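Enquirer: Quick one: the structure is below, and I'll ask about it shortly.
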Amino acid sequence: MEPENYYATPELAAAYDTDSEGRRDLDFYLSLAARLNTVRVADIGAGTGLLCSLLAGAGHEVTGVEPQHTMLDIARRQEHAASVWWLHGTAEKLPAGWADLVLMTGHVAQYFLDDAAWAEAVGHAKRSLRSGGRLAFEVRNPAAAAWRSWTTQGRQWATDRGAGTVSIEVSRDGDLVTHVDTWTRENISRTTSETLEIPLA
Ligand SMILES: C[S@@+](CC[C@H](N)C(=O)[O-])C[C@H]1O[C@@H](n2cnc3c(N)ncnc32)[C@H](O)[C@@H]1O
């Protein structure tokens with residue numbers, strides 16, 4: 001059976017916010033939006049919408065665009081979700097000339113696996129910005145080579161959604177790193193795959 005998209009897997013999407021607890025980037029982006037006197041923020045690959053909700057709670061007008069229904073369903077239940085304009089899809093869905101600040105957080109920028117895909121995504125971000133607006137994004141530090149330590153066999157995992165084991169196989173092809181994860185819980189097994197562009201430092 002073909003591996004699934006990690007974020008399209010309901011159990012894993014549901015565990016995303018608990019798995020990401022303690023992240024420090026959210027405060028960074030909130031203070032960035034404040035520092036730039038931002039009114040309108042667009043978040044590409046908004047995921048479970050946590051940052052969109054926090055930005056809306058801080059008084060910004062927010063659009064979150066996300067291709068996976070599983071993630072978007074969770075996003076629509078975040079605290080300030082009712083104030084966010086949710087769009088299903090990718091950056092091409094963003095309205096033109098709308099945003100003061102466009103974000104790609106949580107390694108979204110590393111899903112664009114070649115120069116053409118990256119240029120297209122940045123082109124849509126630019127199109128959605130008003131004149132003088134900003135794009136902010138982050139990538140994993142290639143020098144840290146975190147992917148070298150992702151391989152694991154039968155590691156225990158536990159969230160408030162349950163517990164089980166995960167085995168991860170990592171492969172590299174040029175600048176692309178793929179990890180195939182097999183999640184097992186109570187005789188249920190799911191396999192997911194994700195490819196990121198992580199150049200060698
Ligand atoms: C690691 S999560 C990050 C979610 C959120 N930005 C955060 O910081 O928590 C990556 C998200 O990007 C979405 N994604 C994947 N490919 C995408 C694309 N081409 N355009 C927009 N979003 C994409 C995934 O569905 C997933 O929700």
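Labels for the structure tokens follow display order: chains A, B, ..., residues from 1 in each chain, ligands from 1.
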List every residue of chain A that has an atom at most 9 Å from any atom of ligand 1, giving for each one its closest atom pair and the distance in Å to one decimal, counting only C-alpha atoms and all ligand atoms, sorted by chain and then by ascending residue number, as CSV.
Expert:
```
residue,atom,partner,partner_atom_place_in_ligand_line,distance
A:Asn5,CA,ligand 1,25 (O),8.2
A:Tyr6,CA,ligand 1,25 (O),8.1
A:Tyr7,CA,ligand 1,25 (O),5.3
A:Ala8,CA,ligand 1,25 (O),7.3
A:Ala13,CA,ligand 1,27 (O),8.3
A:Tyr16,CA,ligand 1,9 (O),8.0
A:Asp17,CA,ligand 1,9 (O),7.7
A:Ser20,CA,ligand 1,9 (O),7.8
A:Asp25,CA,ligand 1,8 (O),8.1
A:Leu26,CA,ligand 1,8 (O),7.9
A:Asp43,CA,ligand 1,6 (N),7.1
A:Ile44,CA,ligand 1,21 (C),5.3
A:Gly45,CA,ligand 1,22 (N),3.3
A:Ala46,CA,ligand 1,6 (N),4.3
A:Gly47,CA,ligand 1,27 (O),3.4
A:Thr48,CA,ligand 1,9 (O),6.4
A:Gly49,CA,ligand 1,5 (C),6.8
A:Leu50,CA,ligand 1,9 (O),6.8
A:Leu51,CA,ligand 1,7 (C),7.1
A:Val65,CA,ligand 1,21 (C),6.9
A:Glu66,CA,ligand 1,22 (N),5.2
A:Pro67,CA,ligand 1,25 (O),5.3
A:Gln68,CA,ligand 1,25 (O),5.0
A:His69,CA,ligand 1,25 (O),8.5
A:Thr70,CA,ligand 1,25 (O),8.7
A:Met71,CA,ligand 1,27 (O),6.0
A:Leu72,CA,ligand 1,27 (O),8.1
A:Gly89,CA,ligand 1,21 (C),6.9
A:Thr90,CA,ligand 1,20 (N),4.3
A:Ala91,CA,ligand 1,20 (N),6.0
A:Glu92,CA,ligand 1,20 (N),8.8
A:Leu103,CA,ligand 1,6 (N),8.1
A:Met104,CA,ligand 1,6 (N),6.0
A:Thr105,CA,ligand 1,8 (O),4.3
A:Gly106,CA,ligand 1,8 (O),3.7
A:His107,CA,ligand 1,1 (C),5.7
A:Val108,CA,ligand 1,12 (O),4.8
A:Ala109,CA,ligand 1,18 (C),8.3
A:Gln110,CA,ligand 1,16 (N),8.7
A:Tyr111,CA,ligand 1,16 (N),5.5
A:Phe112,CA,ligand 1,19 (N),6.5
A:Ala117,CA,ligand 1,19 (N),8.4
A:Ala121,CA,ligand 1,20 (N),7.7
```
Enquirer: Include N, CA and C atoms and write out the residues we just selected as a compact mmCIF listing (two decimals), in the first residue's frame.
Expert:
```
# COMPACT_ATOMS: atom_id res chain seq x y z
N ASN A 5 0.02 10.69 3.13
CA ASN A 5 0.54 11.98 3.52
C ASN A 5 0.35 12.10 5.04
N TYR A 6 1.41 12.45 5.76
CA TYR A 6 1.35 12.55 7.22
C TYR A 6 0.15 13.38 7.68
N TYR A 7 -0.03 14.55 7.03
CA TYR A 7 -1.03 15.51 7.51
C TYR A 7 -2.45 15.14 7.08
N ALA A 8 -2.55 14.18 6.17
CA ALA A 8 -3.88 13.72 5.74
C ALA A 8 -4.35 12.57 6.62
N ALA A 13 -2.82 14.10 12.44
CA ALA A 13 -3.22 15.52 12.43
C ALA A 13 -3.75 15.91 13.80
N TYR A 16 -1.06 16.63 16.30
CA TYR A 16 -0.02 17.60 15.89
C TYR A 16 0.25 18.66 16.95
N ASP A 17 -0.80 19.26 17.50
CA ASP A 17 -0.58 20.36 18.45
C ASP A 17 0.04 19.85 19.74
N SER A 20 3.64 19.18 19.19
CA SER A 20 4.45 20.39 18.97
C SER A 20 4.45 21.32 20.20
N ASP A 25 8.56 29.23 18.13
CA ASP A 25 8.40 30.07 16.94
C ASP A 25 7.10 30.89 16.95
N LEU A 26 6.08 30.40 17.66
CA LEU A 26 4.80 31.11 17.63
C LEU A 26 4.95 32.51 18.22
N ASP A 43 -1.24 33.10 6.14
CA ASP A 43 -0.39 31.99 6.57
C ASP A 43 -0.53 30.85 5.56
N ILE A 44 0.56 30.57 4.82
CA ILE A 44 0.55 29.50 3.81
C ILE A 44 0.93 28.19 4.49
N GLY A 45 0.09 27.17 4.34
CA GLY A 45 0.34 25.90 5.04
C GLY A 45 0.03 26.08 6.51
N ALA A 46 -1.17 26.60 6.79
CA ALA A 46 -1.52 26.99 8.16
C ALA A 46 -1.65 25.80 9.11
N GLY A 47 -1.72 24.58 8.58
CA GLY A 47 -1.77 23.39 9.43
C GLY A 47 -2.99 23.38 10.32
N THR A 48 -2.77 23.17 11.62
CA THR A 48 -3.89 23.12 12.58
C THR A 48 -4.33 24.52 12.99
N GLY A 49 -3.76 25.55 12.39
CA GLY A 49 -4.27 26.91 12.57
C GLY A 49 -3.96 27.57 13.90
N LEU A 50 -3.03 26.97 14.65
CA LEU A 50 -2.74 27.54 15.97
C LEU A 50 -2.22 28.98 15.86
N LEU A 51 -1.28 29.20 14.95
CA LEU A 51 -0.70 30.54 14.81
C LEU A 51 -1.77 31.52 14.28
N VAL A 65 -4.33 29.39 4.72
CA VAL A 65 -4.58 28.50 3.58
C VAL A 65 -3.87 27.17 3.85
N GLU A 66 -4.60 26.06 3.66
CA GLU A 66 -4.06 24.75 4.03
C GLU A 66 -4.66 23.69 3.10
N PRO A 67 -3.79 22.82 2.51
CA PRO A 67 -4.31 21.85 1.55
C PRO A 67 -4.98 20.61 2.16
N GLN A 68 -4.72 20.31 3.43
CA GLN A 68 -5.28 19.07 4.00
C GLN A 68 -6.53 19.35 4.83
N HIS A 69 -7.64 18.69 4.45
CA HIS A 69 -8.90 18.87 5.19
C HIS A 69 -8.74 18.46 6.66
N THR A 70 -7.96 17.40 6.90
CA THR A 70 -7.77 16.92 8.28
C THR A 70 -7.24 18.05 9.17
N MET A 71 -6.25 18.78 8.66
CA MET A 71 -5.65 19.87 9.44
C MET A 71 -6.64 21.05 9.54
N LEU A 72 -7.28 21.34 8.42
CA LEU A 72 -8.21 22.48 8.37
C LEU A 72 -9.39 22.26 9.32
N GLY A 89 -6.53 24.79 0.28
CA GLY A 89 -5.70 24.77 -0.91
C GLY A 89 -4.30 25.27 -0.62
N THR A 90 -3.65 25.74 -1.67
CA THR A 90 -2.28 26.21 -1.55
C THR A 90 -2.22 27.72 -1.82
N ALA A 91 -1.01 28.24 -1.92
CA ALA A 91 -0.83 29.70 -1.98
C ALA A 91 -1.58 30.36 -3.13
N GLU A 92 -1.86 29.59 -4.18
CA GLU A 92 -2.56 30.21 -5.32
C GLU A 92 -3.96 30.69 -4.95
N LEU A 103 3.25 34.47 5.81
CA LEU A 103 4.10 33.56 6.59
C LEU A 103 4.12 32.16 5.99
N MET A 104 5.25 31.49 6.16
CA MET A 104 5.35 30.04 5.94
C MET A 104 6.14 29.51 7.12
N THR A 105 5.45 28.90 8.07
CA THR A 105 6.13 28.47 9.30
C THR A 105 6.22 26.94 9.36
N GLY A 106 7.04 26.45 10.27
CA GLY A 106 7.10 25.00 10.49
C GLY A 106 7.55 24.23 9.26
N HIS A 107 8.60 24.64 8.64
CA HIS A 107 9.25 24.04 7.47
C HIS A 107 8.35 23.85 6.24
N VAL A 108 7.25 24.64 6.16
CA VAL A 108 6.42 24.61 4.94
C VAL A 108 7.29 24.90 3.72
N ALA A 109 8.23 25.83 3.86
CA ALA A 109 9.08 26.23 2.73
C ALA A 109 9.88 25.05 2.16
N GLN A 110 10.05 23.98 2.94
CA GLN A 110 10.87 22.86 2.47
C GLN A 110 10.06 21.80 1.72
N TYR A 111 8.74 22.05 1.53
CA TYR A 111 7.95 21.15 0.69
C TYR A 111 8.07 21.48 -0.78
N PHE A 112 8.66 22.61 -1.12
CA PHE A 112 8.79 23.01 -2.53
C PHE A 112 10.12 22.43 -3.00
N ALA A 117 9.06 24.99 -8.26
CA ALA A 117 7.98 24.95 -7.26
C ALA A 117 8.15 26.08 -6.25
N ALA A 121 5.60 29.28 -5.53
CA ALA A 121 5.06 29.60 -4.20
C ALA A 121 5.38 31.04 -3.80
```
Enquirer: Would you pick out the contacts of Leu55 (chain A) at 12 Å or less, using only C-alpha atoms, so that residues sharing its chain but fewer than 6 positions from it are not included, and give the list as an MDAnalysis selection string?
Expert: chainID A and resid 26:34 38:43 46 49 61:64 78:81 83:84 101 103
Enquirer: For the atom pair CA of Thr152 (chain A) and CA of Asp181 (chain A), what is the interatomic distance in Å to one decimal place?
Expert: 9.2 Å
Enquirer: Write out as a PyMOL selection string all residues of region 7-198 of chain A that backbone DSSP assigns to alpha helix (DSSP H).
Expert: chain A and resi 10-19+25-35+50-57+69-75+115-128
Enquirer: Near Thr178 (chain A), within 9 Å and counting only C-alpha atoms, which residues show up once chain neighbours fewer than 4 positions away are dropped, as a tab-separated table (two decimals) with N, CA, C and O atoms, in the first residue's frame?
Expert:
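Resulting contents of selection38.tsv:
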```
chain	number	residue	atom	x	y	z
A	169	GLU	N	12.22	5.20	8.56
A	169	GLU	CA	13.33	4.97	7.62
A	169	GLU	C	13.60	6.26	6.88
A	169	GLU	O	12.66	6.89	6.37
A	170	VAL	N	14.87	6.64	6.80
A	170	VAL	CA	15.23	7.91	6.16
A	170	VAL	C	16.10	7.62	4.94
A	170	VAL	O	17.00	6.78	5.00
A	171	SER	N	15.80	8.31	3.83
A	171	SER	CA	16.67	8.17	2.66
A	171	SER	C	16.94	9.56	2.09
A	171	SER	O	16.13	10.48	2.27
A	172	ARG	N	18.06	9.67	1.42
A	172	ARG	CA	18.43	10.95	0.81
A	172	ARG	C	18.67	10.75	-0.68
A	172	ARG	O	19.33	9.79	-1.09
A	173	ASP	N	18.14	11.69	-1.49
A	173	ASP	CA	18.37	11.67	-2.94
A	173	ASP	C	18.72	13.11	-3.32
A	173	ASP	O	17.82	13.94	-3.43
A	193	SER	N	4.58	9.14	4.58
A	193	SER	CA	5.84	9.52	3.94
A	193	SER	C	5.87	11.03	3.77
A	193	SER	O	4.84	11.66	3.50
A	194	GLU	N	7.04	11.61	3.95
A	194	GLU	CA	7.20	13.06	3.77
A	194	GLU	C	8.57	13.31	3.15
A	194	GLU	O	9.56	12.72	3.57
A	195	THR	N	8.62	14.19	2.15
A	195	THR	CA	9.90	14.56	1.52
A	195	THR	C	10.12	16.05	1.71
A	195	THR	O	9.23	16.86	1.44
A	196	LEU	N	11.30	16.41	2.20
A	196	LEU	CA	11.68	17.80	2.42
A	196	LEU	C	12.96	18.08	1.67
A	196	LEU	O	13.82	17.21	1.53
A	197	GLU	N	13.09	19.33	1.22
A	197	GLU	CA	14.37	19.74	0.63
A	197	GLU	C	15.28	20.20	1.76
A	197	GLU	O	15.03	21.20	2.42
```
Enquirer: Which one is closest to Trp150 (chain A): A:Gly162, A:Trp86, A:His124, A:Val177? Count only C-alpha atoms.
Expert: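 Checking each of A:Gly162, A:Trp86, A:His124, A:Val177 against Trp150 (chain A), counting only C-alpha atoms, the winner is A:Val177.
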Enquirer: Between A:Lys93, A:Arg24, A:Arg148, A:Arg140, which one has atoms that come closest to Arg127 (chain A), using only C-alpha atoms?
Expert: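 The shortest atom-to-atom distance to Arg127 (chain A) comes from A:Lys93.
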Enquirer: Could you write out, as a list of chain:residue names, all the residues of region 55-148 of chain A that DSSP marks as strand (DSSP E)?
Expert: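 DSSP on the backbone gives strand (DSSP E) at A:Glu61, A:Val62, A:Thr63, A:Gly64, A:Val65, A:Glu66, A:Val84, A:Trp85, A:Trp86, A:Leu87, A:His88, A:Ala99, A:Asp100, A:Leu101, A:Val102, A:Leu103, A:Met104, A:Leu129, A:Arg130, A:Ser131, A:Gly132, A:Gly133, A:Arg134, A:Leu135, A:Ala136, A:Phe137.
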Enquirer: So the first atom is CA of Val139 (chain A) and the second is CA of Ala56 (chain A); what is the distance between them in Å, to one decimal place?
Expert: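 Interatomic distance, CA of Val139 (chain A) to CA of Ala56 (chain A): 24.2 Å.
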Enquirer: Could you list, as an mmCIF file with N, CA, C and O atoms, in the first residue's frame, every residue within 9 Å of Ile168 (chain A), counting only C-alpha atoms and ignoring same-chain residues fewer than 5 positions away?
Expert:
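In the end it all went to result.cif:
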```cif
data_model
loop_
_atom_site.group_PDB
_atom_site.id
_atom_site.type_symbol
_atom_site.label_atom_id
_atom_site.label_comp_id
_atom_site.auth_asym_id
_atom_site.auth_seq_id
_atom_site.Cartn_x
_atom_site.Cartn_y
_atom_site.Cartn_z
ATOM 1 N N TRP A 150 16.863 10.826 12.601
ATOM 2 C CA TRP A 150 15.430 10.494 12.558
ATOM 3 C C TRP A 150 15.177 8.978 12.521
ATOM 4 O O TRP A 150 14.132 8.523 12.944
ATOM 5 N N THR A 151 16.125 8.210 11.986
ATOM 6 C CA THR A 151 15.901 6.763 11.857
ATOM 7 C C THR A 151 15.671 6.151 13.236
ATOM 8 O O THR A 151 16.412 6.428 14.178
ATOM 9 N N THR A 152 14.629 5.336 13.342
ATOM 10 C CA THR A 152 14.358 4.696 14.634
ATOM 11 C C THR A 152 13.596 3.401 14.400
ATOM 12 O O THR A 152 12.943 3.234 13.363
ATOM 13 N N GLN A 153 13.698 2.482 15.328
ATOM 14 C CA GLN A 153 12.974 1.209 15.245
ATOM 15 C C GLN A 153 12.130 1.039 16.496
ATOM 16 O O GLN A 153 12.658 1.005 17.601
ATOM 17 N N GLY A 154 10.822 1.004 16.338
ATOM 18 C CA GLY A 154 9.940 0.676 17.460
ATOM 19 C C GLY A 154 10.009 1.641 18.624
ATOM 20 O O GLY A 154 9.867 1.238 19.776
ATOM 21 N N ARG A 155 10.251 2.925 18.335
ATOM 22 C CA ARG A 155 10.281 3.915 19.422
ATOM 23 C C ARG A 155 8.862 4.124 19.959
ATOM 24 O O ARG A 155 7.902 4.155 19.208
ATOM 25 N N HIS A 179 11.371 10.689 4.709
ATOM 26 C CA HIS A 179 11.238 9.755 5.846
ATOM 27 C C HIS A 179 9.902 9.034 5.737
ATOM 28 O O HIS A 179 8.861 9.646 5.496
ATOM 29 N N VAL A 180 9.979 7.722 5.845
ATOM 30 C CA VAL A 180 8.788 6.873 5.795
ATOM 31 C C VAL A 180 8.586 6.343 7.212
ATOM 32 O O VAL A 180 9.468 5.690 7.773
ATOM 33 N N ASP A 181 7.434 6.670 7.784
ATOM 34 C CA ASP A 181 7.180 6.355 9.192
ATOM 35 C C ASP A 181 6.076 5.297 9.286
ATOM 36 O O ASP A 181 5.020 5.447 8.667
ATOM 37 N N THR A 182 6.307 4.270 10.061
ATOM 38 C CA THR A 182 5.265 3.268 10.300
ATOM 39 C C THR A 182 4.796 3.389 11.743
ATOM 40 O O THR A 182 5.583 3.189 12.677
ATOM 41 N N TRP A 183 3.543 3.778 11.894
ATOM 42 C CA TRP A 183 2.927 4.035 13.201
ATOM 43 C C TRP A 183 2.072 2.837 13.566
ATOM 44 O O TRP A 183 1.220 2.432 12.783
#
```
Enquirer: CA of Glu2 (chain A) and CA of Ala116 (chain A) are how many Å apart?
Expert: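 That distance, rounded to one decimal, is 25.9 Å.
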Enquirer: Given only C-alpha atoms as the basis, pick out the residue of A:Arg134, A:Pro142, A:Arg23, A:Glu4 nearest to Val122 (chain A).
Expert: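 Between A:Arg134, A:Pro142, A:Arg23, A:Glu4, the residue approaching Val122 (chain A) most closely is A:Arg134.
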